[in-house]
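Peer 1: mmCIF, C-alpha atoms, saved as work05.cif, coming up:
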data_model
#
loop_
_atom_site.label_atom_id
_atom_site.label_comp_id
_atom_site.auth_asym_id
_atom_site.auth_seq_id
_atom_site.Cartn_x
_atom_site.Cartn_y
_atom_site.Cartn_z
CA MET A 10 192.78 97.22 92.43
CA PRO A 11 194.43 98.95 89.44
CA ALA A 12 195.06 96.52 86.61
CA PHE A 13 198.79 97.16 86.47
CA LEU A 14 199.15 96.45 90.20
CA PHE A 15 197.27 93.18 89.85
CA ILE A 16 199.47 92.17 86.90
CA LEU A 17 202.56 93.10 88.91
CA LEU A 18 201.30 90.96 91.78
CA VAL A 19 200.85 87.93 89.55
CA VAL A 20 204.14 88.37 87.71
CA LEU A 21 206.17 88.77 90.89
CA ALA A 22 204.60 85.71 92.49
CA LEU A 23 204.84 83.38 89.52
CA LEU A 24 208.16 84.43 87.99
CA LEU A 25 210.28 84.94 91.09
CA GLY A 26 209.07 81.73 92.73
CA VAL A 27 211.56 79.87 94.88
CA PHE A 28 214.33 82.39 94.23
CA ALA A 29 212.26 85.11 95.91
CA LEU A 30 211.53 83.10 99.06
CA PRO A 31 214.82 83.89 100.84
CA LEU A 32 214.48 87.53 99.78
CA VAL A 33 211.02 88.11 101.21
CA LEU A 34 211.70 86.11 104.37
CA LEU A 35 215.23 87.09 105.29
CA VAL A 36 216.32 90.32 103.62
CA PRO A 37 213.92 93.22 104.41
CA ALA A 38 214.24 93.52 108.20
CA PRO A 39 218.05 93.06 108.40
CA VAL A 40 218.69 95.52 105.58
CA LEU A 41 216.45 98.15 107.12
CA ALA A 42 217.94 97.60 110.59
CA ILE A 43 221.45 98.02 109.18
CA VAL A 44 220.41 101.24 107.44
CA VAL A 45 218.86 102.64 110.64
CA LEU A 46 221.96 101.78 112.66
CA ALA A 47 224.31 103.17 110.03
CA VAL A 48 222.44 106.48 109.79
CA ARG A 49 222.26 106.94 113.54
CA LEU A 50 225.91 106.05 114.08
CA GLY A 51 226.92 108.35 111.24
CA ASP A 52 224.92 111.22 112.75
CA ALA A 53 226.54 110.64 116.14
CA VAL A 54 230.03 110.76 114.61
CA ARG A 55 229.26 113.91 112.58
CA GLN A 56 227.84 115.69 115.60
CA GLY A 57 230.55 114.90 118.11
CA GLY A 58 233.23 112.67 116.62
CA ALA A 59 234.28 109.22 117.75
CA GLY A 60 234.31 110.32 121.39
CA ALA A 61 230.63 111.21 121.26
CA LEU A 62 229.87 107.84 119.68
CA ALA A 63 231.67 106.05 122.52
CA ALA A 64 229.85 108.17 125.10
CA ARG A 65 226.47 107.45 123.50
CA THR A 66 227.26 103.75 123.39
CA ARG A 67 228.06 103.71 127.11
CA ALA A 68 224.90 105.70 127.85
CA ALA A 69 222.81 103.33 125.73
CA TRP A 70 224.19 100.33 127.61
CA ARG A 71 223.58 102.00 130.99
CA ASP A 72 220.03 103.07 130.14
CA GLY A 73 219.23 99.83 128.34
CA THR A 74 220.17 97.67 131.32
CA GLY A 75 219.03 99.89 134.19
CA ARG A 76 216.02 99.14 136.31
CA PRO A 77 213.52 97.75 135.57
CA VAL A 78 215.22 96.25 132.50
CA TRP A 79 217.80 93.97 134.07
CA PRO A 80 215.39 92.33 136.55
CA GLY A 81 213.07 91.78 133.60
CA LEU A 82 215.86 90.12 131.62
CA ILE A 83 216.55 87.74 134.48
CA ALA A 84 212.86 86.87 134.59
CA VAL A 85 212.80 86.31 130.81
CA ALA A 86 215.79 83.96 130.96
CA ALA A 87 214.34 82.00 133.87
CA GLY A 88 210.93 81.78 132.22
CA ALA A 89 212.45 80.60 128.93
CA GLY A 90 214.40 77.90 130.75
CA VAL A 91 211.39 76.60 132.67
CA LEU A 92 209.18 76.66 129.57
CA THR A 93 211.81 74.85 127.50
CA PHE A 94 212.20 72.18 130.17
CA GLY A 95 208.45 71.56 130.20
CA LEU A 96 208.16 71.54 126.41
CA GLU A 97 211.03 69.06 126.15
CA ARG A 98 209.21 66.58 128.38
CA LEU A 99 205.95 67.06 126.53
CA TYR A 100 207.63 66.61 123.16
CA LEU A 101 209.49 63.43 124.16
CA ALA A 102 206.28 61.99 125.61
CA THR A 103 204.27 62.57 122.42
CA VAL A 104 206.71 62.40 119.50
CA THR A 105 206.07 58.71 118.79
CA ASN A 106 202.29 59.19 118.62
CA GLY A 107 202.34 60.76 115.16
CA PRO A 108 201.12 57.71 113.19
CA ARG A 109 198.24 57.22 115.62
CA TRP A 110 197.24 60.88 115.55
CA GLY A 111 197.60 61.25 111.78
CA PHE A 112 200.33 63.89 111.63
CA ASP A 113 204.07 64.28 112.12
CA VAL A 114 204.64 65.47 115.69
CA ALA A 115 208.30 66.31 115.05
CA LEU A 116 207.50 68.44 111.99
CA LEU A 117 204.70 70.19 113.86
CA ALA A 118 207.13 70.92 116.69
CA VAL A 119 209.59 72.41 114.18
CA VAL A 120 207.04 74.84 112.74
CA LEU A 121 205.78 75.70 116.23
CA GLY A 122 209.39 76.49 117.14
CA LEU A 123 209.56 78.86 114.16
CA LEU A 124 206.29 80.42 115.29
CA ALA A 125 207.73 80.85 118.78
CA ALA A 126 210.72 82.68 117.28
CA VAL A 127 208.35 85.04 115.45
CA VAL A 128 206.53 85.71 118.74
CA CYS A 129 209.85 86.36 120.48
CA ALA A 130 210.77 88.84 117.73
CA ALA A 131 207.48 90.67 118.23
CA LEU A 132 207.82 90.79 122.02
CA ALA A 133 211.46 91.91 121.86
CA SER A 134 210.44 94.61 119.39
CA LEU A 135 207.72 95.82 121.75
CA ALA A 136 210.16 95.83 124.67
CA ALA A 137 212.66 97.81 122.61
CA ALA A 138 209.93 100.27 121.60
CA ALA A 139 208.87 100.73 125.23
CA VAL A 140 212.41 101.39 126.46
CA GLY A 141 213.20 103.48 123.40
CA ARG A 142 210.16 105.66 124.03
CA ALA A 143 211.30 106.35 127.58
CA ARG A 144 215.10 106.40 127.23
CA GLY A 145 216.00 106.78 123.56
CA PHE A 146 216.89 104.65 120.58
CA GLY A 147 220.18 103.28 121.88
CA ALA A 148 218.72 102.11 125.18
CA GLY A 149 215.76 100.52 123.40
CA THR A 150 218.02 98.64 121.00
CA VAL A 151 220.17 97.34 123.84
CA ALA A 152 217.15 96.24 125.87
CA GLY A 153 215.48 94.49 122.92
CA LEU A 154 218.60 92.64 121.84
CA LEU A 155 219.34 91.59 125.41
CA ALA A 156 215.78 90.27 125.66
CA LEU A 157 216.45 87.94 122.73
CA ILE A 158 219.78 86.92 124.25
CA ALA A 159 217.99 86.17 127.53
CA VAL A 160 215.51 83.95 125.67
CA ALA A 161 218.37 82.12 123.93
CA ALA A 162 220.31 81.73 127.18
CA GLY A 163 217.32 80.41 129.10
CA THR A 164 216.43 77.99 126.32
CA ALA A 165 220.02 76.77 125.98
CA SER A 166 220.38 76.23 129.75
CA ALA A 167 217.54 73.70 129.61
CA TYR A 168 218.21 72.28 126.16
CA LEU A 169 221.98 71.69 126.07
CA PRO A 170 222.03 69.17 128.98
CA LEU A 171 219.25 67.23 127.28
CA ARG A 172 221.11 67.23 123.97
CA ALA A 173 224.33 66.09 125.64
CA SER A 174 222.43 63.24 127.27
CA TYR A 175 220.85 62.31 123.93
CA LEU A 176 224.17 62.22 122.13
CA ALA A 177 225.75 60.16 124.91
CA GLU A 178 222.91 57.62 125.31
CA PRO A 179 220.51 57.80 122.36
CA GLU A 180 219.00 54.42 123.27
CA ARG A 181 217.30 56.04 126.27
CA PHE A 182 215.23 58.28 124.01
CA PRO A 183 212.20 57.57 121.79
CA VAL A 184 212.82 56.22 118.30
CA VAL A 185 210.97 57.91 115.44
CA THR A 186 211.15 56.08 112.13
CA ASN A 187 211.24 59.11 109.83
CA LEU A 188 214.00 60.88 111.77
CA GLY A 189 217.65 60.09 111.18
CA ALA A 190 220.32 59.70 113.82
CA GLY A 191 220.63 62.83 115.92
CA ASP A 192 217.49 64.47 114.50
CA LEU A 193 215.09 63.79 117.37
CA LEU A 194 215.71 67.18 119.00
CA ILE A 195 215.67 69.17 115.77
CA PRO A 196 212.69 71.37 116.80
CA PHE A 197 214.77 73.00 119.54
CA ASN A 198 217.68 73.52 117.13
CA ALA A 199 215.24 75.14 114.70
CA PHE A 200 213.98 77.54 117.36
CA LEU A 201 217.46 78.68 118.37
CA ALA A 202 218.45 79.13 114.73
CA ALA A 203 215.27 81.09 113.98
CA LEU A 204 216.13 83.56 116.75
CA ILE A 205 218.78 84.89 114.36
CA TRP A 206 215.90 86.06 112.12
CA ALA A 207 214.52 87.94 115.13
CA LEU A 208 217.67 90.03 115.75
CA PRO A 209 216.81 93.03 113.51
CA TRP A 210 213.35 93.55 115.00
CA PRO A 211 214.45 95.13 118.32
CA VAL A 212 216.37 97.73 116.28
CA LEU A 213 213.24 98.56 114.30
CA GLY A 214 211.08 98.56 117.43
CA ALA A 215 213.47 100.94 119.18
CA ALA A 216 213.42 103.24 116.15
CA LEU A 217 209.62 103.31 116.23
CA GLY A 218 209.47 103.88 119.98
CA ALA A 219 212.07 106.67 119.90
CA ARG A 220 210.41 108.68 117.14
CA THR A 221 210.67 112.38 117.88
CA GLU A 222 207.92 114.94 118.00
CA THR A 223 207.69 117.63 115.35
CA THR A 224 209.54 119.97 117.72
CA GLY A 225 212.51 117.60 117.71
CA ARG A 226 212.15 116.72 121.38
CA GLN A 227 211.20 113.33 122.70
CA ARG A 228 207.95 112.91 124.63
CA LYS A 229 208.24 112.43 128.34
CA VAL A 230 206.71 109.19 129.53
CA ARG A 231 204.36 109.83 132.44
CA ASP A 232 203.29 106.27 133.18
CA VAL A 233 202.78 102.87 131.60
CA TRP A 234 199.31 103.82 130.32
CA GLN A 235 200.68 106.69 128.28
CA LEU A 236 203.41 104.40 126.99
CA LEU A 237 200.89 101.79 125.83
CA LEU A 238 198.74 104.37 124.06
CA ASP A 239 201.80 106.04 122.49
CA LEU A 240 203.00 102.75 121.03
CA ALA A 241 199.56 101.70 119.81
CA THR A 242 199.00 105.00 117.98
CA ALA A 243 202.58 105.68 116.87
CA ASP A 244 202.22 104.20 113.40
CA LEU A 245 198.64 104.88 112.34
CA PRO A 246 198.03 105.74 108.69
CA GLU A 247 197.99 109.44 107.86
CA ARG A 248 194.21 109.64 107.66
CA ARG A 249 193.98 108.50 111.32
CA SER A 250 197.03 110.26 112.74
CA ALA A 251 194.93 113.19 113.96
CA TRP A 252 192.66 110.76 115.79
CA GLY A 253 195.68 109.18 117.48
CA ALA A 254 197.02 112.60 118.48
CA ALA A 255 193.62 113.48 119.95
CA LEU A 256 193.64 110.28 122.02
CA ARG A 257 197.09 111.07 123.39
CA ALA A 258 196.10 114.66 124.20
CA ARG A 259 192.95 113.49 125.95
CA LEU A 260 194.92 111.03 128.08
CA ALA A 261 197.37 113.79 129.06
CA ALA A 262 194.45 115.74 130.54
CA VAL A 263 193.26 112.80 132.66
CA ASP A 264 194.69 112.58 136.19
CA PRO A 265 192.90 109.86 138.23
CA PRO A 266 194.92 106.62 137.78
CA ALA A 267 191.87 104.37 137.35
CA GLU A 268 190.40 106.66 134.69
CA ARG A 269 193.76 106.89 132.91
CA ARG A 270 193.97 103.11 132.84
CA ARG A 271 190.46 102.69 131.42
CA PHE A 272 190.92 105.37 128.81
CA ALA A 273 194.34 104.12 127.69
CA LEU A 274 193.21 100.50 127.40
CA GLY A 275 190.14 101.57 125.46
CA GLY A 276 192.26 103.63 123.09
CA VAL A 277 194.76 100.81 122.60
CA TRP A 278 191.96 98.37 121.81
CA ALA A 279 190.38 100.81 119.35
CA ALA A 280 193.73 101.34 117.59
CA LEU A 281 194.52 97.63 117.39
CA ARG A 282 191.13 96.66 116.01
CA SER A 283 191.17 99.38 113.37
CA GLY A 284 189.62 97.98 110.24
CA PRO A 285 191.69 96.99 107.22
CA PRO A 286 193.02 99.91 105.18
CA ARG A 287 191.30 101.12 102.03
CA GLY A 288 191.66 98.65 99.19
CA ALA A 289 192.66 95.73 101.44
CA TRP A 290 189.61 93.67 100.45
CA VAL A 291 190.46 94.10 96.77
CA TRP A 292 194.03 92.97 97.40
CA ALA A 293 192.72 89.99 99.38
CA ALA A 294 190.36 89.02 96.56
CA GLY A 295 193.22 89.23 94.07
CA VAL A 296 195.42 87.02 96.25
CA ALA A 297 192.59 84.49 96.61
CA VAL A 298 192.11 84.33 92.83
CA VAL A 299 195.83 83.89 92.15
CA VAL A 300 196.32 81.26 94.86
CA ALA A 301 193.18 79.32 93.90
CA GLY A 302 193.92 79.38 90.17
CA GLY A 303 197.58 78.60 90.68
CA SER A 304 196.81 75.73 93.06
CA PHE A 305 194.39 74.17 90.57
CA ALA A 306 196.82 74.56 87.66
CA ALA A 307 199.74 73.19 89.71
CA SER A 308 197.65 70.24 90.88
CA ARG A 309 196.50 69.23 87.39
CA TRP A 310 199.94 69.75 85.85
CA SER A 311 201.62 67.65 88.56
CA LEU A 312 198.94 64.99 88.16
CA GLU A 313 199.35 64.77 84.41
CA HIS A 314 203.15 64.70 84.51
CA GLY A 315 203.59 62.40 87.51
CA GLN A 316 205.24 65.06 89.65
CA GLY A 317 205.14 65.49 93.42
CA GLY A 318 202.48 67.39 95.29
CA ILE A 319 201.89 71.12 95.47
CA LEU A 320 202.96 71.89 99.04
CA GLY A 321 205.88 73.88 97.65
CA PHE A 322 203.49 76.07 95.66
CA TRP A 323 201.43 76.73 98.78
CA VAL A 324 204.50 77.85 100.69
CA ILE A 325 206.28 79.88 98.00
CA VAL A 326 203.72 81.74 95.91
CA PRO A 327 201.51 83.10 98.73
CA ASN A 328 204.70 84.24 100.48
CA VAL A 329 205.59 86.50 97.59
CA LEU A 330 202.00 87.67 97.17
CA LEU A 331 201.63 88.64 100.84
CA PHE A 332 205.00 90.39 100.79
CA VAL A 333 203.87 92.50 97.83
CA VAL A 334 200.46 93.25 99.37
CA ALA A 335 201.95 94.31 102.72
CA LEU A 336 204.69 96.36 101.07
CA ALA A 337 202.29 98.14 98.69
CA THR A 338 199.79 98.94 101.45
CA ALA A 339 202.44 100.12 103.92
CA TRP A 340 204.03 102.20 101.14
CA ARG A 341 200.71 103.89 100.33
CA THR A 342 199.67 104.54 103.94
CA ARG A 343 203.17 105.00 105.40
CA SER A 344 202.03 102.68 108.18
CA PHE A 345 203.53 99.36 109.27
CA GLY A 346 200.29 98.46 111.07
CA SER A 347 198.19 99.03 107.97
CA GLY A 348 200.53 96.92 105.87
CA LEU A 349 200.44 94.13 108.42
CA ARG A 350 196.63 94.23 108.63
CA ALA A 351 196.33 94.12 104.85
CA GLY A 352 198.79 91.22 104.75
CA ALA A 353 196.81 89.37 107.42
CA LEU A 354 193.56 89.79 105.48
CA ALA A 355 195.25 88.62 102.28
CA GLY A 356 196.76 85.70 104.19
CA LEU A 357 193.32 84.65 105.39
CA ALA A 358 192.08 84.83 101.81
CA ALA A 359 195.05 82.72 100.66
CA LEU A 360 194.31 80.10 103.31
CA VAL A 361 190.66 79.91 102.25
CA ALA A 362 191.77 79.52 98.63
CA VAL A 363 194.23 76.75 99.55
CA LEU A 364 191.54 74.78 101.36
CA ALA A 365 188.79 75.47 98.80
CA VAL A 366 190.93 74.08 95.98
CA GLY A 367 193.02 71.61 97.99
CA ILE A 368 190.17 69.55 99.46
CA PRO A 369 188.44 68.64 96.16
CA GLU A 370 191.78 68.22 94.39
CA ALA A 371 192.92 65.83 97.13
CA VAL A 372 189.88 63.68 96.33
CA VAL A 373 190.81 63.75 92.63
CA TRP A 374 194.35 62.63 93.45
CA ALA A 375 193.03 59.85 95.66
CA HIS A 376 190.68 58.54 92.97
CA ARG A 377 193.44 58.58 90.35
CA LYS A 378 195.78 56.86 92.84
CA ALA A 379 198.49 59.44 92.27
CA GLY A 380 199.28 59.93 95.94
CA TYR A 381 198.68 62.66 98.45
CA LEU A 382 198.11 66.15 97.02
CA SER A 383 200.55 67.81 99.42
CA THR A 384 203.69 65.81 98.68
CA GLY A 385 202.70 63.17 96.12
CA ASP A 386 203.99 60.45 98.43
CA ALA A 387 202.29 57.06 98.91
CA VAL A 388 198.72 56.34 97.90
CA PRO A 389 195.93 57.42 100.27
CA PRO A 390 193.83 54.42 101.36
CA THR A 391 190.60 56.44 101.30
CA TRP A 392 189.44 59.83 100.08
CA GLN A 393 188.92 60.82 103.70
CA ALA A 394 192.60 60.22 104.39
CA ALA A 395 193.50 62.32 101.35
CA VAL A 396 191.39 65.22 102.61
CA LEU A 397 192.81 64.98 106.12
CA ASP A 398 196.30 65.19 104.63
CA VAL A 399 195.46 68.68 103.33
CA LEU A 400 194.32 69.64 106.83
CA ARG A 401 197.41 68.35 108.63
CA PRO A 402 198.32 70.90 111.33
CA GLU A 403 202.05 70.86 110.58
CA PHE A 404 201.35 71.94 106.98
CA LEU A 405 198.83 74.63 107.90
CA VAL A 406 200.88 76.07 110.77
CA GLY A 407 204.02 75.98 108.64
CA MET A 408 202.36 77.96 105.86
CA ILE A 409 200.99 80.50 108.33
CA VAL A 410 204.41 80.99 109.93
CA PHE A 411 206.18 81.65 106.63
CA TRP A 412 203.35 83.85 105.38
CA THR A 413 203.52 85.91 108.59
CA MET A 414 207.25 86.42 108.21
CA SER A 415 206.82 87.62 104.63
CA ALA A 416 203.96 89.99 105.45
CA ALA A 417 205.92 91.48 108.37
CA GLY A 418 208.97 92.03 106.17
CA GLY A 419 206.92 93.67 103.44
CA ALA A 420 205.09 95.92 105.91
CA VAL A 421 208.21 97.20 107.64
CA LEU A 422 210.04 97.76 104.35
CA GLY A 423 207.12 99.53 102.70
CA ALA A 424 206.46 101.82 105.66
CA ALA A 425 210.12 102.74 106.06
CA LEU A 426 210.77 103.40 102.38
CA SER A 427 207.61 105.47 102.02
CA ALA A 428 208.46 107.55 105.08
CA ALA A 429 212.05 108.09 103.94
CA LEU A 430 211.08 109.09 100.39
CA GLY A 431 208.33 111.37 101.68
CA ARG A 432 210.77 113.22 103.87
CA LEU A 433 213.28 113.49 101.04
CA ARG A 434 210.61 115.18 98.93
CA THR A 435 209.64 117.60 101.70
CA GLY A 436 213.14 118.12 103.08
CA ALA A 437 212.07 117.07 106.59
CA PRO A 438 214.27 114.74 108.67
CA ASP A 439 213.33 111.09 108.87
CA ASP A 440 212.29 110.28 112.43
CA LEU A 441 213.20 106.65 111.87
CA ALA A 442 216.73 107.54 110.97
CA THR A 443 217.67 110.55 113.07
CA PRO A 444 218.66 110.14 116.73
CA ALA A 445 216.11 111.09 119.33
CA ALA A 446 217.06 113.80 121.77
CA HIS A 447 217.63 112.73 125.34
#
Would you mind giving the structure from this file in structure tokens?
Peer 2:
Amino acid sequence: MPAFLFILLVVLALLLGVFALPLVLLVPAPVLAIVVLAVRLGDAVRQGGAGALAARTRAAWRDGTGRPVWPGLIAVAAGAGVLTFGLERLYLATVTNGPRWGFDVALLAVVLGLLAAVVCAALASLAAAAVGRARGFGAGTVAGLLALIAVAAGTASAYLPLRASYLAEPERFPVVTNLGAGDLLIPFNAFLAALIWALPWPVLGAALGARTETTGRQRKVRDVWQLLLDLATADLPERRSAWGAALRARLAAVDPPAERRRFALGGVWAALRSGPPRGAWVWAAGVAVVVAGGSFAASRWSLEHGQGGILGFWVIVPNVLLFVVALATAWRTRSFGSGLRAGALAGLAALVAVLAVGIPEAVVWAHRKAGYLSTGDAVPPTWQAAVLDVLRPEFLVGMIVFWTMSAAGGAVLGAALSAALGRLRTGAPDDLATPAAH
């Protein structure tokens, strides 16, 4: 890793701190989605005026809800409702077992709800990319956004009656000592609120799926196997783009359905398991060093000054680091997938660093009777309890969720900015910003 990049990594993580957390989690995807929409709408108006924009909007709605999309949306809403109903019963049956199990069931449910929202964003983005590849950007955007609305509607249909019953007769529900009045069902509120974060991702997925060929004409979709291979190889780094094109050309020459299926699935698997991009291991090592050193310094400083634990450091600083790593890698390779893979490798390194420093430091805190390392609360009865506090699933899952959101935001922003600037230098149109031909 060049020295100046490593210094930039450290400075961004340590100086921006808590003020950067909302920026790396919430800003990149919405800003990019707004830019993509604005450019496409502006192009539509310039090409045909307001009438053309209205006609394209109607066509996007028609294509984005036509078969097989609308039956799929009904299935998504029904599935979300059934799943929510089952999860509600499971949650209510287990929420009071936290003290016996050694972790906070309600907090774990909250972070799992955030993780579920991230998964919904990814699936809606894939759905938008699939429809966009076959029917254009507008149809893909409509289908992806409606998929999220279907999830929200299905979840609400099962959740709102339960919440109304809870508000009317709270004595019929379990009592959890660390939750205030009305907070028992907060995990489901958190999931529905987190779906707002997912809204930009169908726009970005549709833009990726609707990318045009160099001739300016959209590829015809022959079957689902071509669609899968197209999506898996659509955003490979430049050094592997020729390989992806060769895979797509080879599939086009295959006719027997069984052989097409085997070849497409093999190609998709090969693309998805592509190794980390060049330099990713160096970035990961740098992240591990920064997180480990920062965790140790934060622990000893908090211990000496009687401050709380270092859970905040674990959430905030790696977030910024992973955002920078994913953005820098995606910028260099012009590939969202490469940025995300580099961010995932750096995230694994950060998690190893957290545990490698956190476990022995938790023992130090227990021996000095300062409290738990994570939050500084209470005094652990044994060193084993102090170590288990570092390994609490709600903390680990929560960190992974926030780190994933930051890495995804950095990857999409880096890939888009690099592609846009590259096309500005060459004078070529940006296939993420120009409307696909129908």
Peer 1: Could you tell me which residues the PyMOL selection byres ((chain A and resi 378-386) around 10) grabs in this file, written as an mmCIF file with C-alpha atoms, keeping the file's coordinate frame?
Peer 2:
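The resulting file, part30.cif, is reproduced below:
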data_model
loop_
_atom_site.group_PDB
_atom_site.id
_atom_site.type_symbol
_atom_site.label_atom_id
_atom_site.label_comp_id
_atom_site.auth_asym_id
_atom_site.auth_seq_id
_atom_site.Cartn_x
_atom_site.Cartn_y
_atom_site.Cartn_z
ATOM 1 C CA SER A 308 197.650 70.240 90.880
ATOM 2 C CA SER A 311 201.620 67.650 88.560
ATOM 3 C CA LEU A 312 198.940 64.990 88.160
ATOM 4 C CA GLU A 313 199.350 64.770 84.410
ATOM 5 C CA GLY A 315 203.590 62.400 87.510
ATOM 6 C CA GLN A 316 205.240 65.060 89.650
ATOM 7 C CA GLY A 317 205.140 65.490 93.420
ATOM 8 C CA GLY A 318 202.480 67.390 95.290
ATOM 9 C CA ILE A 319 201.890 71.120 95.470
ATOM 10 C CA LEU A 320 202.960 71.890 99.040
ATOM 11 C CA GLY A 321 205.880 73.880 97.650
ATOM 12 C CA PHE A 322 203.490 76.070 95.660
ATOM 13 C CA TRP A 323 201.430 76.730 98.780
ATOM 14 C CA GLY A 367 193.020 71.610 97.990
ATOM 15 C CA ILE A 368 190.170 69.550 99.460
ATOM 16 C CA GLU A 370 191.780 68.220 94.390
ATOM 17 C CA ALA A 371 192.920 65.830 97.130
ATOM 18 C CA VAL A 372 189.880 63.680 96.330
ATOM 19 C CA VAL A 373 190.810 63.750 92.630
ATOM 20 C CA TRP A 374 194.350 62.630 93.450
ATOM 21 C CA ALA A 375 193.030 59.850 95.660
ATOM 22 C CA HIS A 376 190.680 58.540 92.970
ATOM 23 C CA ARG A 377 193.440 58.580 90.350
ATOM 24 C CA ALA A 387 202.290 57.060 98.910
ATOM 25 C CA VAL A 388 198.720 56.340 97.900
ATOM 26 C CA PRO A 389 195.930 57.420 100.270
ATOM 27 C CA PRO A 390 193.830 54.420 101.360
ATOM 28 C CA THR A 391 190.600 56.440 101.300
ATOM 29 C CA TRP A 392 189.440 59.830 100.080
ATOM 30 C CA ALA A 394 192.600 60.220 104.390
ATOM 31 C CA ALA A 395 193.500 62.320 101.350
ATOM 32 C CA VAL A 396 191.390 65.220 102.610
ATOM 33 C CA LEU A 397 192.810 64.980 106.120
ATOM 34 C CA ASP A 398 196.300 65.190 104.630
ATOM 35 C CA VAL A 399 195.460 68.680 103.330
ATOM 36 C CA LEU A 400 194.320 69.640 106.830
ATOM 37 C CA ARG A 401 197.410 68.350 108.630
ATOM 38 C CA PHE A 404 201.350 71.940 106.980
#
Peer 1: Please provide the set of residues having any atom within 9 Å of Ala137 of chain A, restricted to only C-alpha atoms, with same-chain residues fewer than 2 positions apart removed, written as a PyMOL selection string.
Peer 2: chain A and resi 73+132-135+139-142+146+148-154+156+210-218
Peer 1: Care to translate the PyMOL selection byres ((chain A and resi 342) around 12) into actual residues of this file, as a ChimeraX atom specification?
Peer 2: /A:244-250,285-289,335-341,343-351,420-421,423-428,431
Peer 1: Write out as number ranges by chain which residues come within 10 Å of Arg172 of chain A when counting all atoms listed in the file, dropping same-chain ones fewer than 6 positions away.
Peer 2: A: 165, 178-179, 191, 193-194, 197-198
Peer 1: Measuring atom to atom with all atoms listed in the file, identify which of A:Ala131, A:Leu236, A:Leu92, A:Ala126 is nearest to Ala203 of chain A.
Peer 2: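 Closest residue, counting all atoms listed in the file: A:Ala126.
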Peer 1: To one decimal place in Å, what is the distance between atom CA of Gly163 of chain A and atom CA of Trp70 of chain A?
Peer 2: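 Atom CA of Trp70 of chain A lies 21.1 Å from atom CA of Gly163 of chain A.
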Peer 1: Using only C-alpha atoms, which protein or nucleic acid residues come within 12 Å of Leu35 of chain A? Drop anything in the same chain fewer than 4 positions from it, and give the result as an mmCIF file with C-alpha atoms, in the frame of the given file.
Peer 2:
data_model
loop_
_atom_site.group_PDB
_atom_site.id
_atom_site.type_symbol
_atom_site.label_atom_id
_atom_site.label_comp_id
_atom_site.auth_asym_id
_atom_site.auth_seq_id
_atom_site.Cartn_x
_atom_site.Cartn_y
_atom_site.Cartn_z
ATOM 1 C CA ALA A 29 212.260 85.110 95.910
ATOM 2 C CA LEU A 30 211.530 83.100 99.060
ATOM 3 C CA PRO A 31 214.820 83.890 100.840
ATOM 4 C CA PRO A 39 218.050 93.060 108.400
ATOM 5 C CA VAL A 40 218.690 95.520 105.580
ATOM 6 C CA LEU A 41 216.450 98.150 107.120
ATOM 7 C CA ALA A 203 215.270 81.090 113.980
ATOM 8 C CA ILE A 205 218.780 84.890 114.360
ATOM 9 C CA TRP A 206 215.900 86.060 112.120
ATOM 10 C CA ALA A 207 214.520 87.940 115.130
ATOM 11 C CA LEU A 208 217.670 90.030 115.750
ATOM 12 C CA PRO A 209 216.810 93.030 113.510
ATOM 13 C CA TRP A 210 213.350 93.550 115.000
ATOM 14 C CA ASN A 328 204.700 84.240 100.480
ATOM 15 C CA PHE A 332 205.000 90.390 100.790
ATOM 16 C CA PHE A 411 206.180 81.650 106.630
ATOM 17 C CA MET A 414 207.250 86.420 108.210
ATOM 18 C CA SER A 415 206.820 87.620 104.630
ATOM 19 C CA ALA A 416 203.960 89.990 105.450
ATOM 20 C CA ALA A 417 205.920 91.480 108.370
ATOM 21 C CA GLY A 418 208.970 92.030 106.170
ATOM 22 C CA GLY A 419 206.920 93.670 103.440
ATOM 23 C CA LEU A 422 210.040 97.760 104.350
#
Peer 1: Determine the residue set returned by the PyMOL selection byres ((chain A and resi 107) around 12) for the present structure, and present it as an MDAnalysis selection string.
Peer 2: chainID A and resid 100:106 108:118 184:187 401:403
Peer 1: What is the atom CA of Leu256 of chain A to atom CA of Ala241 of chain A distance in Å?
Peer 2: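 For atom CA of Leu256 of chain A relative to atom CA of Ala241 of chain A, the distance reads 10.7 Å.
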Peer 1: For atom CA of Val300 of chain A and atom CA of Ala38 of chain A, quote the distance in Å rounded to one decimal.
Peer 2: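 Here the two named atoms are 25.5 Å from each other.
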Peer 1: So that I can check the surroundings of segment 270-277 of chain A, please list as a list in words every protein, DNA and RNA residue that reaches within 8 Å of it, counting only C-alpha atoms and ignoring chain neighbours fewer than 2 positions away.
Peer 2: Trp234, Gln235, Leu237, Leu238, Ala241, Thr242, Leu256, Leu260, Pro266, Ala267, Glu268, Ala279, Ala280 and Leu281 of chain A
Peer 1: Quick one: of A:Leu364, A:Val333, A:Ile325, A:Leu176, who's nearest to Asp192 of chain A, counting only C-alpha atoms?
Peer 2: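 Residue with the minimum atom-to-atom distance to Asp192 of chain A: A:Leu176.
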Peer 1: Rank A:Ile158, A:Gly145, A:Gly95, A:Trp79 by their smallest atom-to-atom distance to Thr66 of chain A, using all atoms listed in the file, and report the top residue only.
Peer 2: A:Gly145
Peer 1: Nearest to Ala68 of chain A: which of A:Val45, A:Gly147, A:Ala159, A:Leu50 is it, counting all atoms listed in the file?
Peer 2: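 Counting all atoms listed in the file, the residue closest to Ala68 of chain A is A:Gly147.
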